[in-house]
Amino acid sequence: MTSLRIVPRTLSRAGLVRAPRTTSISASTVAPARAFSTRSNQRQHQRQQMPRTLKSGASPGVVGALVGGALVGWYLFSSNSGSDASSPDAWRKVNYHNVYKDIAALLEDENYDDGSYGPVFVRLAWHSSGTFDKMTKTGGSDGATIRFAPESNHGANAGLDVARARLEPLKKKYPNISYGDLYTLTGVVAVQELGGPTVRWRPGRNDKADTECTPDGRLPDAAQGADHVRNIFYRMGFNDQEITALVGAHALGRCHSTRSGFEGPWNASPTAFTNFFFTELLSNSWVPKKWSGPFQYVDKESGQFMMLPADMAFRSDPQFRKYAEIYAADQDAFFADFTKAFTKLLELGVKFPEDSPVYEFKTLE
């Protein structure tokens, strides 16, 4: 029987400490998580990181220690913000290792949510890319039209102004990086620095005008089921295995009633990239939440954790479930499939320069 490694967790308040990953149990006896945690001592128990190098013949340089202190201030994002990354060769003038470090310096903030902007950064990268339509060849991360109304005001994008505002000082610091490259690289940084797999990334996206915003309805509706999920992801060119891998990112973050209308985290480690979305989904008993908000599920035992109607498709639909079971039992398998699907997502519809290098960034110590 496949062994599943889980993290023993104990509830504390501000520290929300996550214990080292030492326990191995049978996949058939997975116990649901019951405490919140942060990234504080994460790297000591995550899988050993492999060396990252810059592909396509370029010299990588080693990413150094974390930049001292987060960038100061809060920039009020304007939908009219321009970009200096207008020339075809502007992307060549950017030191992406330095950008990576500066994004990593923005992740932690004890005054925001569960102490990290990482989850909302992943969501920004996801939503700026997930509008691609393979039939019309429109949408996707090329153009970063998510920063403009009306796209920025689509219901699925509620709350992402927080992430864009957090990143705006970096756009000022690195004017030659496109918003499309900045938003997608931010997602890569968040996945890796929160303990997830290495995600290959390459620059060369262009910024487009607000006249090219995508129509509403291209992103998943959390209130729908399996048929809707497939329609949305098949339009982008994903199959059932890739769809299941991508939804595993719901291990990160929480829903907010002031944004999506839904409320609560999916699991006890909302700032750690793990396979806990799948272990919680399959090991818990889920019941309808009794409240005045939109229909969602909570775990029967504690009521602390939630699942969306669309999440439950990966439990009830036989094709989705078979992959969810694989990922619940084997985090390495999940990581391997997620990184391929996430890279594909970030590159949908992008016509990269022929000499655009592929980066594999080393996580910060």
# chains A, B, ... in the order shown; residues from 1 in each chain; ligands from 1
call {"tool": "residues_around", "arguments": {"residues": "Leu281 (chain A)", "least_positions_apart": "5", "cutoff": "8 Å", "atoms": "only C-alpha atoms", "output": "PyMOL selection string"}}
result
chain A and resi 307+312+315
call {"tool": "select_by_dssp", "arguments": {"residues": "region 110-236 of chain A", "states": "alpha helix (DSSP H)", "output": "PyMOL selection string"}}
result
chain A and resi 118-129+160-173+179-193+226-236
call {"tool": "atom_distance", "arguments": {"atom1": "CA of Thr184 (chain A)", "atom2": "CA of Ala125 (chain A)"}}
result
4.7 Å
call {"tool": "closest_atom_pairs", "arguments": {"of": "region 169-233 of chain A", "to": "region 84-105 of chain A", "cutoff": "6 Å", "atoms": "only C-alpha atoms", "output": "CSV"}}
result
residue,atom,partner,partner_atom,distance
A:Pro175,CA,A:Asp84,CA,5.3
A:Asn176,CA,A:Ala85,CA,4.3
A:Ile177,CA,A:Ala85,CA,5.7
A:Ser178,CA,A:Ala85,CA,5.3
A:Gly204,CA,A:Trp91,CA,5.9
call {"tool": "select_by_dssp", "arguments": {"residues": "region 84-263 of chain A", "states": "strand (DSSP E or B)", "output": "list in words"}}
result
Glu108, Ser116, Asp133, Thr138, Gly143, Trp201, Asp207, Arg254 and Cys255 of chain A
call {"tool": "write_last_selection", "arguments": {"atoms": "N, CA, C and O atoms", "output": "PDB file, in the first residue's frame"}}
result
ATOM      1  N   GLU A 108       5.807  37.540   3.088  1.00  0.00           N
ATOM      2  CA  GLU A 108       5.386  37.465   4.482  1.00  0.00           C
ATOM      3  C   GLU A 108       4.918  38.818   5.020  1.00  0.00           C
ATOM      4  O   GLU A 108       5.574  39.831   4.822  1.00  0.00           O
ATOM      5  N   SER A 116       0.729  35.671   4.941  1.00  0.00           N
ATOM      6  CA  SER A 116       1.471  35.569   3.684  1.00  0.00           C
ATOM      7  C   SER A 116       0.612  36.035   2.517  1.00  0.00           C
ATOM      8  O   SER A 116      -0.581  35.719   2.437  1.00  0.00           O
ATOM      9  N   ASP A 133      -8.444  31.185 -24.509  1.00  0.00           N
ATOM     10  CA  ASP A 133      -9.406  30.429 -25.309  1.00  0.00           C
ATOM     11  C   ASP A 133      -8.663  29.869 -26.518  1.00  0.00           C
ATOM     12  O   ASP A 133      -8.192  30.631 -27.374  1.00  0.00           O
ATOM     13  N   THR A 138      -7.328  33.979 -27.857  1.00  0.00           N
ATOM     14  CA  THR A 138      -7.343  35.217 -27.082  1.00  0.00           C
ATOM     15  C   THR A 138      -7.210  34.895 -25.604  1.00  0.00           C
ATOM     16  O   THR A 138      -7.442  33.774 -25.167  1.00  0.00           O
ATOM     17  N   GLY A 143      -0.294  40.020 -22.139  1.00  0.00           N
ATOM     18  CA  GLY A 143      -1.118  41.216 -22.165  1.00  0.00           C
ATOM     19  C   GLY A 143      -1.475  41.730 -20.792  1.00  0.00           C
ATOM     20  O   GLY A 143      -1.666  42.925 -20.592  1.00  0.00           O
ATOM     21  N   TRP A 201      10.002  28.705 -15.802  1.00  0.00           N
ATOM     22  CA  TRP A 201       9.378  29.960 -16.215  1.00  0.00           C
ATOM     23  C   TRP A 201      10.274  30.655 -17.225  1.00  0.00           C
ATOM     24  O   TRP A 201      11.506  30.562 -17.149  1.00  0.00           O
ATOM     25  N   ASP A 207       2.676  43.557 -22.863  1.00  0.00           N
ATOM     26  CA  ASP A 207       1.533  44.191 -22.218  1.00  0.00           C
ATOM     27  C   ASP A 207       0.605  44.760 -23.280  1.00  0.00           C
ATOM     28  O   ASP A 207       1.063  45.324 -24.279  1.00  0.00           O
ATOM     29  N   ARG A 254      -7.456  30.844   1.470  1.00  0.00           N
ATOM     30  CA  ARG A 254      -8.797  30.705   2.018  1.00  0.00           C
ATOM     31  C   ARG A 254      -9.746  31.544   1.171  1.00  0.00           C
ATOM     32  O   ARG A 254      -9.323  32.433   0.432  1.00  0.00           O
ATOM     33  N   CYS A 255     -11.028  31.269   1.308  1.00  0.00           N
ATOM     34  CA  CYS A 255     -12.045  32.116   0.698  1.00  0.00           C
ATOM     35  C   CYS A 255     -12.462  33.203   1.672  1.00  0.00           C
ATOM     36  O   CYS A 255     -12.406  33.020   2.890  1.00  0.00           O
TER      37      CYS A 255
END
call {"tool": "atom_distance", "arguments": {"atom1": "CA of Leu252 (chain A)", "atom2": "CA of Gly195 (chain A)"}}
result
10.8 Å
call {"tool": "atom_distance", "arguments": {"atom1": "CA of Cys213 (chain A)", "atom2": "CA of Phe342 (chain A)"}}
result
22.1 Å
call {"tool": "closest_residue", "arguments": {"among": "A:Asn231, A:Thr258, A:Thr244, A:Asn111", "to": "Ala328 (chain A)", "atoms": "only C-alpha atoms"}}
result
A:Thr244
call {"tool": "residues_around", "arguments": {"residues": "Met236 (chain A)", "least_positions_apart": "5", "cutoff": "8 Å", "atoms": "only C-alpha atoms", "output": "VMD selection string"}}
result
chain A and resid 130 to 134 348
call {"tool": "write_last_selection", "arguments": {"atoms": "C-alpha atoms", "output": "CSV table (one decimal), in the first residue's frame"}}
result
chain,number,residue,atom,x,y,z
A,130,GLY,CA,-6.7,31.2,-17.1
A,131,THR,CA,-8.7,33.4,-19.5
A,132,PHE,CA,-7.1,31.7,-22.6
A,133,ASP,CA,-9.4,30.4,-25.3
A,134,LYS,CA,-7.8,27.9,-27.7
A,348,LEU,CA,-1.1,29.7,-22.7
call {"tool": "residues_around", "arguments": {"residues": "Glu151 (chain A)", "least_positions_apart": "2", "cutoff": "8 Å", "atoms": "only C-alpha atoms", "output": "VMD selection string"}}
result
chain A and resid 145 to 149 153 to 154 157 213 to 216
call {"tool": "residues_around", "arguments": {"residues": "Gly264 (chain A)", "least_positions_apart": "6", "cutoff": "9 Å", "atoms": "only C-alpha atoms", "output": "PyMOL selection string"}}
result
chain A and resi 253-257+298+304-307
call {"tool": "closest_residue", "arguments": {"among": "A:Pro203, A:Gly159, A:Gly115, A:Pro294", "to": "Pro357 (chain A)", "atoms": "only C-alpha atoms"}}
result
A:Pro203
call {"tool": "closest_residue", "arguments": {"among": "A:Glu325, A:Phe361, A:Ser141, A:Ala156", "to": "Gln241 (chain A)", "atoms": "only C-alpha atoms"}}
result
A:Glu325
call {"tool": "closest_residue", "arguments": {"among": "A:Gly237, A:Gly225, A:Gly261, A:Pro353", "to": "Phe320 (chain A)", "atoms": "only C-alpha atoms"}}
result
A:Gly225
call {"tool": "closest_residue", "arguments": {"among": "A:Thr271, A:Met135, A:Arg230, A:Leu106", "to": "Ala165 (chain A)", "atoms": "only C-alpha atoms"}}
result
A:Leu106
call {"tool": "closest_residue", "arguments": {"among": "A:Lys362, A:Lys344, A:Pro309, A:Pro119", "to": "His250 (chain A)", "atoms": "only C-alpha atoms"}}
result
A:Pro119
